[in-house]
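Visitor: Handing over coords-v3.cif, mmCIF, C-alpha atoms.
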data_protein
#
loop_
_atom_site.label_atom_id
_atom_site.label_comp_id
_atom_site.auth_asym_id
_atom_site.auth_seq_id
_atom_site.Cartn_x
_atom_site.Cartn_y
_atom_site.Cartn_z
CA MET A 1 -17.24 -18.89 15.02
CA THR A 2 -16.38 -15.76 13.06
CA ALA A 3 -13.43 -15.83 10.69
CA ALA A 4 -12.66 -12.18 11.39
CA VAL A 5 -9.92 -10.78 13.56
CA ARG A 6 -9.42 -7.24 14.72
CA GLY A 7 -6.26 -5.36 14.03
CA TRP A 8 -4.93 -3.23 11.18
CA CYS A 9 -3.20 -5.86 9.03
CA PRO A 10 -5.85 -8.15 7.52
CA ALA A 11 -5.23 -10.96 5.03
CA ALA A 12 -7.44 -13.00 2.74
CA TRP A 13 -7.60 -16.00 5.08
CA ARG A 14 -7.81 -13.78 8.18
CA PRO A 15 -10.10 -10.84 7.38
CA MET A 16 -10.57 -7.89 9.66
CA ALA A 17 -13.91 -6.75 11.04
CA ALA A 18 -14.69 -3.15 10.04
CA GLY A 19 -17.77 -1.01 10.42
CA ASP A 20 -18.98 -1.90 6.91
CA GLY A 21 -18.32 -5.64 7.12
CA LEU A 22 -15.24 -7.80 6.74
CA LEU A 23 -12.10 -6.37 5.14
CA VAL A 24 -10.23 -8.83 2.91
CA ARG A 25 -6.72 -7.99 1.70
CA ILE A 26 -5.02 -9.55 -1.32
CA ARG A 27 -1.40 -9.22 -2.40
CA PRO A 28 -0.98 -10.21 -6.06
CA ALA A 29 2.42 -11.55 -7.09
CA LEU A 30 4.70 -8.76 -8.39
CA GLY A 31 1.84 -6.33 -7.78
CA ARG A 32 0.33 -7.27 -11.15
CA VAL A 33 -3.20 -8.39 -12.02
CA SER A 34 -4.06 -9.51 -15.56
CA ALA A 35 -7.09 -7.96 -17.22
CA ALA A 36 -8.98 -11.23 -16.83
CA GLN A 37 -8.09 -11.40 -13.14
CA ALA A 38 -9.16 -7.78 -12.66
CA LEU A 39 -12.54 -8.47 -14.23
CA GLY A 40 -12.98 -11.49 -11.96
CA LEU A 41 -11.90 -9.46 -8.96
CA ALA A 42 -14.40 -6.70 -9.75
CA ALA A 43 -17.19 -9.26 -10.10
CA ALA A 44 -16.23 -10.90 -6.78
CA ALA A 45 -16.09 -7.54 -4.99
CA ALA A 46 -19.61 -6.69 -6.20
CA ARG A 47 -21.05 -10.14 -5.49
CA PHE A 48 -19.54 -10.86 -2.09
CA GLY A 49 -18.77 -7.35 -0.80
CA ASN A 50 -20.07 -3.82 -1.20
CA GLY A 51 -18.18 -3.27 -4.46
CA GLU A 52 -15.57 -0.94 -2.95
CA ILE A 53 -11.88 -1.76 -3.39
CA ASP A 54 -9.05 0.08 -1.63
CA LEU A 55 -5.45 0.37 -2.84
CA THR A 56 -3.09 0.46 0.14
CA ARG A 57 0.20 2.22 0.81
CA ARG A 58 1.98 -1.12 0.26
CA ALA A 59 0.32 -1.69 -3.12
CA ASN A 60 -2.17 -4.26 -1.84
CA LEU A 61 -5.89 -4.41 -2.56
CA GLN A 62 -8.62 -4.55 0.07
CA LEU A 63 -12.18 -5.68 -0.64
CA ARG A 64 -14.70 -4.09 1.70
CA GLY A 65 -18.15 -4.86 3.03
CA VAL A 66 -17.86 -8.64 2.87
CA GLY A 67 -20.58 -10.48 4.79
CA GLU A 68 -19.72 -13.21 7.26
CA ALA A 69 -21.43 -15.86 5.14
CA ASP A 70 -19.79 -14.54 1.96
CA TRP A 71 -16.19 -14.56 3.19
CA ARG A 72 -15.29 -18.16 2.35
CA PRO A 73 -16.95 -18.13 -1.11
CA LEU A 74 -15.06 -14.89 -1.81
CA VAL A 75 -11.71 -16.41 -0.83
CA GLU A 76 -12.45 -19.49 -2.92
CA ALA A 77 -13.16 -17.24 -5.90
CA LEU A 78 -9.91 -15.35 -5.33
CA VAL A 79 -7.95 -18.62 -5.09
CA ALA A 80 -9.51 -19.73 -8.38
CA LEU A 81 -8.36 -16.43 -9.92
CA ASP A 82 -4.82 -17.11 -8.62
CA LEU A 83 -4.97 -13.92 -6.57
CA VAL A 84 -4.78 -15.67 -3.19
CA ASP A 85 -2.58 -18.60 -2.22
CA PRO A 86 -4.59 -21.68 -1.23
CA ASP A 87 -2.22 -22.16 1.74
CA PRO A 88 -3.17 -19.73 4.54
CA ALA A 89 0.38 -19.89 5.93
CA ILE A 90 1.83 -18.64 2.63
CA ASP A 91 -0.84 -15.96 2.37
CA ALA A 92 0.09 -14.73 5.86
CA GLN A 93 3.79 -14.30 5.09
CA ALA A 94 5.53 -10.93 5.05
CA GLY A 95 4.53 -8.60 2.25
CA LEU A 96 6.58 -7.84 -0.86
CA THR A 97 6.26 -4.45 -2.57
CA VAL A 98 7.74 -4.22 -6.06
CA ALA A 99 8.54 -0.99 -7.91
CA PRO A 100 5.68 -0.93 -10.43
CA ASP A 101 7.65 0.25 -13.47
CA TRP A 102 9.60 -3.02 -13.83
CA ARG A 103 9.96 -4.69 -17.19
CA ALA A 104 10.14 -8.43 -17.76
CA GLY A 105 13.70 -9.63 -17.23
CA ASP A 106 15.09 -6.45 -15.66
CA ASP A 107 16.75 -6.43 -12.24
CA THR A 108 13.63 -5.56 -10.26
CA HIS A 109 11.66 -8.32 -11.97
CA ARG A 110 14.48 -10.86 -11.60
CA ILE A 111 15.09 -10.17 -7.89
CA ALA A 112 11.40 -10.12 -6.98
CA THR A 113 10.88 -13.38 -8.87
CA ASP A 114 13.86 -14.91 -7.04
CA LEU A 115 12.39 -13.85 -3.67
CA LEU A 116 9.00 -15.31 -4.49
CA ALA A 117 10.59 -18.57 -5.65
CA LEU A 118 12.20 -18.86 -2.19
CA ARG A 119 9.03 -18.19 -0.17
CA GLY A 120 9.34 -21.59 1.45
CA GLU A 121 12.55 -20.34 3.08
CA TRP A 122 11.13 -17.08 4.46
CA PRO A 123 11.09 -17.10 8.26
CA ALA A 124 7.98 -16.34 10.28
CA LEU A 125 7.85 -12.56 10.66
CA PRO A 126 5.53 -10.01 12.31
CA ALA A 127 2.38 -9.12 10.39
CA LYS A 128 3.56 -5.58 9.58
CA PHE A 129 6.98 -6.69 8.30
CA GLY A 130 7.66 -6.23 4.60
CA PHE A 131 10.23 -6.49 1.82
CA ALA A 132 10.66 -4.03 -1.06
CA VAL A 133 12.42 -4.58 -4.39
CA ASP A 134 13.32 -1.34 -6.11
CA ALA A 135 16.31 -2.01 -8.39
CA GLY A 136 15.51 0.13 -11.43
CA ARG A 137 17.64 2.98 -12.69
CA SER A 138 15.66 5.29 -10.39
CA CYS A 139 14.52 4.11 -6.97
CA ARG A 140 10.77 4.61 -6.64
CA LEU A 141 9.87 3.25 -3.21
CA SER A 142 11.95 5.37 -0.81
CA ASP A 143 8.82 6.67 0.93
CA THR A 144 7.01 3.33 0.91
CA PRO A 145 7.07 1.38 4.22
CA ALA A 146 9.45 -1.61 4.13
CA ASP A 147 11.79 -3.35 6.57
CA ILE A 148 14.25 -4.89 4.13
CA ARG A 149 14.94 -3.11 0.85
CA ILE A 150 16.80 -4.35 -2.20
CA GLU A 151 17.69 -1.30 -4.28
CA ARG A 152 20.09 -0.01 -6.91
CA SER A 153 22.90 2.06 -5.46
CA VAL A 154 24.19 5.33 -6.86
CA GLU A 155 27.19 3.32 -8.08
CA GLY A 156 24.84 1.19 -10.18
CA GLY A 157 24.99 -2.15 -8.37
CA PRO A 158 22.49 -3.84 -6.06
CA MET A 159 22.37 -2.99 -2.37
CA LEU A 160 20.55 -4.11 0.77
CA ARG A 161 19.14 -1.52 3.20
CA THR A 162 16.93 -1.79 6.25
CA GLY A 163 14.04 0.39 7.35
CA GLY A 164 15.23 3.44 9.27
CA GLN A 165 18.74 3.42 7.76
CA ALA A 166 19.97 5.94 5.19
CA THR A 167 22.70 3.63 3.88
CA GLY A 168 23.12 -0.08 3.28
CA VAL A 169 25.52 -2.71 2.05
CA ALA A 170 26.54 -3.33 -1.56
CA LEU A 171 25.79 -6.82 -2.90
CA ALA A 172 27.01 -8.93 -5.78
CA TRP A 173 24.63 -9.56 -8.64
CA GLY A 174 22.57 -12.68 -8.01
CA GLU A 175 22.89 -12.79 -4.22
CA GLU A 176 20.14 -10.26 -3.46
CA ALA A 177 17.27 -12.59 -2.55
CA ALA A 178 19.42 -14.88 -0.40
CA ALA A 179 20.86 -11.86 1.45
CA ALA A 180 17.39 -10.47 2.16
CA ILE A 181 16.22 -13.81 3.56
CA ASP A 182 19.39 -14.14 5.68
CA LEU A 183 18.72 -10.71 7.18
CA ALA A 184 15.10 -11.63 7.87
CA ARG A 185 16.29 -14.75 9.71
CA TRP A 186 18.71 -12.62 11.73
CA PHE A 187 15.81 -10.33 12.68
CA ARG A 188 13.76 -13.32 13.84
CA ASP A 189 16.64 -14.95 15.70
CA THR A 190 17.55 -11.75 17.58
CA GLY A 191 14.05 -11.26 19.00
CA GLY A 192 12.64 -9.05 16.27
CA ALA A 193 9.10 -10.24 16.90
CA ALA A 194 9.03 -8.12 20.06
CA SER A 195 9.95 -5.01 18.04
CA GLY A 196 7.61 -5.71 15.17
CA ARG A 197 9.54 -3.59 12.68
CA MET A 198 13.18 -3.40 11.67
CA ALA A 199 13.43 0.33 12.41
CA ARG A 200 12.39 -0.30 16.03
CA HIS A 201 14.67 -3.30 16.59
CA PRO A 202 17.31 -2.29 19.19
CA VAL A 203 19.91 -4.92 18.20
CA PRO A 204 22.74 -3.59 15.97
CA LEU A 205 22.77 -4.99 12.46
CA PRO A 206 25.26 -7.76 11.77
CA GLY A 207 28.52 -6.50 10.31
CA TRP A 208 27.90 -8.01 6.89
CA ALA A 209 24.67 -5.97 6.57
CA GLN A 210 26.28 -2.61 7.35
CA GLY A 211 27.73 -0.33 4.72
CA ASP A 212 27.80 3.14 3.19
CA ALA A 213 26.00 2.40 -0.09
CA ARG A 214 23.26 4.88 -0.92
CA PRO A 215 20.22 4.25 -3.13
CA ALA A 216 19.89 5.90 -6.51
CA GLN A 217 17.74 9.00 -6.63
CA GLY A 218 14.20 8.77 -7.90
CA GLY A 219 10.65 9.25 -6.78
CA PRO A 220 7.06 8.12 -7.24
CA LEU A 221 5.23 7.95 -10.54
CA ALA A 222 2.45 10.38 -11.45
CA ALA A 223 -0.94 10.11 -13.10
CA GLY A 224 -1.11 10.29 -16.89
CA PRO A 225 0.55 8.57 -19.87
CA HIS A 226 3.48 6.23 -19.14
CA PRO A 227 5.79 4.22 -21.44
CA LEU A 228 4.14 1.06 -20.12
CA GLY A 229 0.57 2.34 -20.55
CA ALA A 230 -1.45 4.82 -18.49
CA LEU A 231 -1.51 5.72 -14.80
CA TYR A 232 -4.92 6.42 -13.27
CA GLY A 233 -5.28 8.18 -9.93
CA LEU A 234 -7.71 6.84 -7.32
CA PRO A 235 -9.09 9.60 -5.09
CA PHE A 236 -8.42 8.50 -1.50
CA GLY A 237 -7.08 5.21 -2.87
CA ARG A 238 -10.49 3.73 -3.66
CA ILE A 239 -12.01 2.31 -6.83
CA ALA A 240 -15.52 0.92 -7.30
CA ALA A 241 -15.97 -2.48 -8.91
CA ASP A 242 -17.73 -0.98 -11.94
CA ALA A 243 -14.91 1.52 -12.42
CA LEU A 244 -12.33 -1.28 -12.30
CA THR A 245 -14.37 -3.13 -14.92
CA ALA A 246 -14.44 -0.04 -17.14
CA LEU A 247 -10.71 0.41 -16.65
CA VAL A 248 -9.74 -3.02 -18.01
CA ASP A 249 -12.68 -4.12 -20.20
CA ARG A 250 -11.22 -2.69 -23.39
CA PRO A 251 -8.99 -4.09 -26.13
CA ASP A 252 -5.85 -2.11 -25.21
CA ALA A 253 -5.71 -3.09 -21.50
CA SER A 254 -3.63 -6.20 -20.85
CA ALA A 255 -3.01 -5.97 -17.08
CA VAL A 256 -3.07 -3.66 -14.08
CA ARG A 257 -0.08 -2.93 -11.86
CA LEU A 258 -0.62 -1.76 -8.30
CA THR A 259 1.35 1.14 -6.87
CA PRO A 260 1.74 2.53 -3.33
CA TRP A 261 0.72 6.03 -4.48
CA ARG A 262 -3.02 5.58 -5.07
CA LEU A 263 -2.35 4.99 -8.78
CA LEU A 264 -3.11 2.03 -11.02
CA LEU A 265 -0.85 1.46 -14.03
CA VAL A 266 -2.85 -0.09 -16.87
CA GLU A 267 -0.46 -1.88 -19.20
CA ASP A 268 -0.59 -1.07 -22.93
CA ALA A 269 -3.58 1.24 -22.44
CA ALA A 270 -4.11 4.70 -23.86
CA ALA A 271 -4.73 7.47 -21.33
CA VAL A 272 -8.46 7.86 -21.98
CA PRO A 273 -10.81 9.16 -19.27
CA VAL A 274 -12.57 6.72 -16.94
CA PRO A 275 -15.32 8.18 -14.71
CA GLY A 276 -14.26 8.56 -11.09
CA LEU A 277 -10.53 8.24 -11.83
CA ALA A 278 -7.95 10.97 -12.48
CA LEU A 279 -5.41 11.34 -15.28
CA ASP A 280 -4.29 14.84 -14.29
CA PRO A 281 -1.46 14.72 -11.72
CA ALA A 282 -2.56 18.16 -10.52
CA ASP A 283 -6.06 16.96 -9.58
CA PRO A 284 -6.49 18.24 -5.99
CA LEU A 285 -8.16 14.99 -4.91
CA LEU A 286 -4.92 13.12 -5.59
CA ALA A 287 -3.07 15.37 -3.13
CA ALA A 288 -5.65 15.06 -0.35
CA HIS A 289 -5.61 12.24 2.20
CA ALA A 290 -8.62 10.90 4.05
CA CYS A 291 -9.27 7.57 5.72
CA VAL A 292 -12.55 5.75 5.26
CA GLY A 293 -13.97 7.42 8.41
CA ALA A 294 -17.30 6.75 10.11
CA PRO A 295 -19.37 4.64 9.86
CA ALA A 296 -17.15 2.25 7.88
CA CYS A 297 -14.40 2.35 10.52
CA PRO A 298 -15.43 1.71 14.13
CA GLN A 299 -12.43 3.73 15.36
CA ALA A 300 -13.65 6.91 13.66
CA SER A 301 -16.09 9.35 15.23
CA VAL A 302 -16.57 11.53 12.11
CA ALA A 303 -17.28 11.15 8.41
CA THR A 304 -14.18 12.14 6.47
CA ARG A 305 -14.25 11.84 2.70
CA ASP A 306 -17.19 14.07 1.81
CA LEU A 307 -15.53 16.85 3.80
CA ALA A 308 -12.15 16.13 2.20
CA ARG A 309 -13.67 16.25 -1.31
CA ARG A 310 -15.13 19.68 -0.63
CA LEU A 311 -11.99 21.04 1.00
CA ALA A 312 -9.40 19.58 -1.40
CA PRO A 313 -9.67 22.33 -4.07
CA HIS A 314 -9.17 24.96 -1.37
CA VAL A 315 -6.58 23.39 0.95
CA ALA A 316 -3.20 22.20 -0.27
CA GLY A 317 -1.64 19.43 1.80
CA LEU A 318 -4.87 18.24 3.42
CA HIS A 319 -5.30 15.21 5.69
CA VAL A 320 -8.68 14.37 7.20
CA SER A 321 -8.47 11.56 9.74
CA GLY A 322 -11.38 9.87 11.47
CA CYS A 323 -9.32 9.37 14.63
CA ALA A 324 -5.87 9.99 16.06
CA LYS A 325 -4.35 6.90 14.40
CA GLY A 326 -3.84 8.70 11.08
CA CYS A 327 -4.14 5.59 8.92
CA ALA A 328 -4.38 7.50 5.62
CA ARG A 329 -1.14 9.42 6.17
CA SER A 330 1.49 8.64 8.79
CA GLY A 331 3.61 11.74 8.15
CA PRO A 332 2.75 15.38 8.87
CA ALA A 333 0.40 17.35 6.64
CA ARG A 334 0.13 21.07 6.04
CA VAL A 335 -3.45 20.97 7.36
CA VAL A 336 -4.68 18.00 9.38
CA LEU A 337 -8.20 17.54 10.70
CA THR A 338 -8.48 14.82 13.34
CA GLY A 339 -11.83 13.45 14.42
CA ARG A 340 -12.54 13.41 18.15
CA ASP A 341 -15.91 12.87 19.80
CA GLY A 342 -17.83 13.73 16.63
CA ARG A 343 -15.93 16.94 15.86
CA PHE A 344 -12.56 17.91 14.40
CA ASP A 345 -9.30 19.15 15.86
CA LEU A 346 -7.34 21.40 13.51
CA GLY A 347 -3.58 21.00 13.26
CA LEU A 348 -1.04 22.79 11.09
CA ALA A 349 2.16 21.12 9.84
CA ALA A 350 1.30 18.20 12.09
CA ARG A 351 0.31 14.55 12.21
CA ALA A 352 -3.15 13.30 13.11
CA GLY A 353 -3.61 13.28 16.87
CA TYR A 354 -0.95 15.92 17.58
CA PRO A 355 -1.93 18.81 19.88
CA PRO A 356 -4.25 21.02 17.79
CA VAL A 357 -4.20 24.74 17.26
CA GLU A 358 -8.00 24.65 17.52
CA ALA A 359 -10.29 21.93 18.84
CA GLY A 360 -13.92 20.88 18.61
CA LEU A 361 -14.77 22.31 15.18
CA ASP A 362 -17.69 21.06 13.12
CA ALA A 363 -17.69 20.48 9.37
CA ALA A 364 -19.65 23.66 8.59
CA THR A 365 -17.15 25.80 10.45
CA LEU A 366 -14.24 24.22 8.60
CA LEU A 367 -15.88 24.66 5.20
CA ALA A 368 -16.43 28.33 5.95
CA ARG A 369 -12.90 28.74 7.39
CA PHE A 370 -11.31 27.55 4.14
CA GLY A 371 -13.77 29.16 1.71
CA ALA A 372 -15.38 25.92 0.59
CA CYS A 373 -19.01 26.83 1.28
#
Please lay out the structure from this file as structure tokens.
Guide:
Amino acid sequence: MTAAVRGWCPAAWRPMAAGDGLLVRIRPALGRVSAAQALGLAAAAARFGNGEIDLTRRANLQLRGVGEADWRPLVEALVALDLVDPDPAIDAQAGLTVAPDWRAGDDTHRIATDLLALRGEWPALPAKFGFAVDAGRSCRLSDTPADIRIERSVEGGPMLRTGGQATGVALAWGEEAAAAIDLARWFRDTGGAASGRMARHPVPLPGWAQGDARPAQGGPLAAGPHPLGALYGLPFGRIAADALTALVDRPDASAVRLTPWRLLLVEDAAAVPVPGLALDPADPLLAAHACVGAPACPQASVATRDLARRLAPHVAGLHVSGCAKGCARSGPARVVLTGRDGRFDLGLAARAGYPPVEAGLDAATLLARFGAC
């Protein structure tokens, strides 16, 4: 019997079948992988998969192209690296995204560590459900999907906010993790499984979880030097195993932190070039979005990334989607190309799958349209 399942939220112990093999997702604790772990991960990706590693919008890693017979040896290797929990039930729990610029002992690190220490108390939640801890001086994860957020408020204290709400409730220091778990239990007990996500849950929040606290202003990090090391951009969120090896196999790289913005933060490292990765935040490939496309995704009817690479220098705000699902970018883009029946529909200021302004275009026509020939 195959170990694979179909769906869009794979895990290590329950991989997803894709067009290029099994897709195996890992969620390192605190979004941090030591240099030694990263080297082991790169070796495992090349040995058991096709050597391609994706960084997701929730700061997870996905190993691609894993063969059916190679899946269990891969997971065993990842367990040995302490990148996957040996208990499949723990591995399948809700995700936790942590603001990647935390420092040891600060509020983000403390709260995330508290939450992880209480994993045995987390209720069973839908596969897409997730927590976010973002309690630094500037909130970083406002545009990152999450159902329960622990943030720093504009007043400077901790706060709890749910997905879809602009405001939340102020908390006392030290009660953040327990409050997040209590709210997750409330979601479960009020039938949240039917909704799947907090923002779609029709039941009003309990009174104790309502408030007018607002999160501190901030925003995502950008490629280039950083006080903690160097941020490298991954075009389309993908890194090859040999590039990951080159990134960390040097004396000044101590660990890699995952981000939800297609960036890897290499701790203690100088911002020196690595082939295939970007250090310039203005690199047009870092602003373009494209899913894996055909043939790697069975949902897609078109190849996407070669076209996106050629168009990116000519089209600001580009999204090339293999189908109407829009996995690479859920929000609208200035120019969106949606695959349909082997051709592309062109949309402007729209999401993938929205009614197009022009339909049935081929790649050559689009390259000529935007001056990329």
Visitor: Got a sec to resolve the PyMOL selection byres ((chain A and resi 370) around 10) on this structure and send the residues as a PyMOL selection string?
Guide: chain A and resi 310-315+365-369+371-373
Visitor: For the selection you just gave me, I'd like the residues written to a file as a JSON list (two decimals), keeping the file's coordinate frame, keeping C-alpha atoms.
Guide:
[["chain", "number", "residue", "atom", "x", "y", "z"],
["A", 310, "ARG", "CA", -15.13, 19.68, -0.63],
["A", 311, "LEU", "CA", -11.99, 21.04, 1.00],
["A", 312, "ALA", "CA", -9.40, 19.58, -1.40],
["A", 313, "PRO", "CA", -9.67, 22.33, -4.07],
["A", 314, "HIS", "CA", -9.17, 24.96, -1.37],
["A", 315, "VAL", "CA", -6.58, 23.39, 0.95],
["A", 365, "THR", "CA", -17.15, 25.80, 10.45],
["A", 366, "LEU", "CA", -14.24, 24.22, 8.60],
["A", 367, "LEU", "CA", -15.88, 24.66, 5.20],
["A", 368, "ALA", "CA", -16.43, 28.33, 5.95],
["A", 369, "ARG", "CA", -12.90, 28.74, 7.39],
["A", 371, "GLY", "CA", -13.77, 29.16, 1.71],
["A", 372, "ALA", "CA", -15.38, 25.92, 0.59],
["A", 373, "CYS", "CA", -19.01, 26.83, 1.28]]
Visitor: Hey, what comes out of the PyMOL selection byres ((chain A and resi 109) around 12) on this file? Could you write it as a VMD selection string?
Guide: chain A and resid 29 to 32 97 to 108 110 to 116 132 to 136 150 177
Visitor: Let me see the file: selected residues, C-alpha atoms, as an mmCIF file, keeping the file's coordinate frame.
Guide:
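Result file is again_18.cif:
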data_model
loop_
_atom_site.group_PDB
_atom_site.id
_atom_site.type_symbol
_atom_site.label_atom_id
_atom_site.label_comp_id
_atom_site.auth_asym_id
_atom_site.auth_seq_id
_atom_site.Cartn_x
_atom_site.Cartn_y
_atom_site.Cartn_z
ATOM 1 C CA ALA A 29 2.420 -11.550 -7.090
ATOM 2 C CA LEU A 30 4.700 -8.760 -8.390
ATOM 3 C CA GLY A 31 1.840 -6.330 -7.780
ATOM 4 C CA ARG A 32 0.330 -7.270 -11.150
ATOM 5 C CA THR A 97 6.260 -4.450 -2.570
ATOM 6 C CA VAL A 98 7.740 -4.220 -6.060
ATOM 7 C CA ALA A 99 8.540 -0.990 -7.910
ATOM 8 C CA PRO A 100 5.680 -0.930 -10.430
ATOM 9 C CA ASP A 101 7.650 0.250 -13.470
ATOM 10 C CA TRP A 102 9.600 -3.020 -13.830
ATOM 11 C CA ARG A 103 9.960 -4.690 -17.190
ATOM 12 C CA ALA A 104 10.140 -8.430 -17.760
ATOM 13 C CA GLY A 105 13.700 -9.630 -17.230
ATOM 14 C CA ASP A 106 15.090 -6.450 -15.660
ATOM 15 C CA ASP A 107 16.750 -6.430 -12.240
ATOM 16 C CA THR A 108 13.630 -5.560 -10.260
ATOM 17 C CA ARG A 110 14.480 -10.860 -11.600
ATOM 18 C CA ILE A 111 15.090 -10.170 -7.890
ATOM 19 C CA ALA A 112 11.400 -10.120 -6.980
ATOM 20 C CA THR A 113 10.880 -13.380 -8.870
ATOM 21 C CA ASP A 114 13.860 -14.910 -7.040
ATOM 22 C CA LEU A 115 12.390 -13.850 -3.670
ATOM 23 C CA LEU A 116 9.000 -15.310 -4.490
ATOM 24 C CA ALA A 132 10.660 -4.030 -1.060
ATOM 25 C CA VAL A 133 12.420 -4.580 -4.390
ATOM 26 C CA ASP A 134 13.320 -1.340 -6.110
ATOM 27 C CA ALA A 135 16.310 -2.010 -8.390
ATOM 28 C CA GLY A 136 15.510 0.130 -11.430
ATOM 29 C CA ILE A 150 16.800 -4.350 -2.200
ATOM 30 C CA ALA A 177 17.270 -12.590 -2.550
#
Visitor: Go through the shown structure with the PyMOL selection byres ((chain A and resi 320-329) around 6) and write out the matching residues as an NGL selection string.
Guide: :A and (289-291 or 293 or 300 or 302 or 304 or 319 or 330-331 or 336-339 or 352-353)
Visitor: Which residues, written as a PDB file with C-alpha atoms, in the frame of the given file, have at least one atom at most 10 Å from Asn50 of chain A, with only C-alpha atoms counted and residues fewer than 5 positions away on the same chain left out?
Guide:
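The file below, part-v2.pdb, is the result:
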ATOM      1  CA  ASP A  20     -18.980  -1.900   6.910  1.00  0.00           C
ATOM      2  CA  GLY A  21     -18.320  -5.640   7.120  1.00  0.00           C
ATOM      3  CA  ALA A  44     -16.230 -10.900  -6.780  1.00  0.00           C
ATOM      4  CA  ALA A  45     -16.090  -7.540  -4.990  1.00  0.00           C
ATOM      5  CA  LEU A  63     -12.180  -5.680  -0.640  1.00  0.00           C
ATOM      6  CA  ARG A  64     -14.700  -4.090   1.700  1.00  0.00           C
ATOM      7  CA  GLY A  65     -18.150  -4.860   3.030  1.00  0.00           C
ATOM      8  CA  VAL A  66     -17.860  -8.640   2.870  1.00  0.00           C
ATOM      9  CA  GLY A  67     -20.580 -10.480   4.790  1.00  0.00           C
ATOM     10  CA  ALA A 240     -15.520   0.920  -7.300  1.00  0.00           C
ATOM     11  CA  ALA A 241     -15.970  -2.480  -8.910  1.00  0.00           C
TER      12      ALA A 241
END
Visitor: What is the atom CA of Leu74 of chain A-atom CA of Pro275 of chain A distance in Å, reported with one decimal?
Guide: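 Those two atoms sit 26.4 Å apart.
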Visitor: By how many Å are atom CA of Asp91 of chain A and atom CA of Val79 of chain A apart?
Guide: 10.6 Å
Visitor: With distances taken over all atoms listed in the file, which of A:Ala253, A:Ile181, A:Ala350, A:Leu81 is nearest to Ala117 of chain A?
Guide: A:Ile181
Visitor: List the spatial neighbours of Glu151 of chain A as an MDAnalysis selection string - criterion: any atom at most 12 Å away, all atoms listed in the file, same-chain residues fewer than 3 positions off excluded.
Guide: chainID A and resid 97:99 107:108 111:112 131:142 146 148 154:162 167:171 173 176:177 180 213:218
Visitor: Pick from A:Leu265, A:Val357, A:Ile26, A:Ala194: nearest to Tyr232 of chain A, with all atoms listed in the file counted?
Guide: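 Among the listed residues, the smallest separation from Tyr232 of chain A belongs to A:Leu265.
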Visitor: A:Ala246, A:Leu234, A:Leu23, A:Val75: which is nearest Ala38 of chain A, counting all atoms listed in the file?
Guide: A:Ala246
Visitor: Rank nothing, just name the residue among A:Ala288, A:Gly191, A:Pro202, A:Ser34 nearest to Val266 of chain A, using all atoms listed in the file.
Guide: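 Using all atoms listed in the file, Val266 of chain A sits closest to A:Ser34.
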Visitor: If I take atom CA of Asp212 of chain A and atom CA of Gly164 of chain A, how far is one from the other in Å, to one decimal?
Guide: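 Those two atoms sit 14.0 Å apart.
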Visitor: Please determine, counting all atoms listed in the file, which residue among A:Ala308, A:Ala59, A:Ala172, A:Ala69 has the shortest atom-to-atom distance to Arg262 of chain A.
Guide: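 Counting all atoms listed in the file, the residue closest to Arg262 of chain A is A:Ala59.
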Visitor: Give the answer as one residue: which of A:Asn60, A:Gln93, A:Thr144, A:Gln165 has the shortest atom-to-atom distance to Leu125 of chain A, using all atoms listed in the file?
Guide: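 Residue with the minimum atom-to-atom distance to Leu125 of chain A: A:Gln93.
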Visitor: Excluding Leu39 of chain A and residues on its chain fewer than 5 positions from it, collect all residues at most 8 Å away from it, counting all atoms listed in the file, and give them as a PyMOL selection string.
Guide: chain A and resi 244-245+248-249
Visitor: Would you compute an axis-aligned box for segment 24-37 of chain A, covering every atom listed for it in the file with 8 Å of margin on each side, and report centre and edge lengths in Å to one decimal as JSON?
Guide:
{"center_x": -2.8, "center_y": -8.9, "center_z": -7.2, "size_x": 30.9, "size_y": 21.2, "size_z": 36.1}
Visitor: I'd like the neighbourhood of Phe129 of chain A as number ranges by chain, where a residue qualifies if any of its atoms comes within 8 Å (using all atoms listed in the file), though same-chain residues fewer than 6 positions away should be ignored.
Guide: A: 94-95, 146-147, 196-198
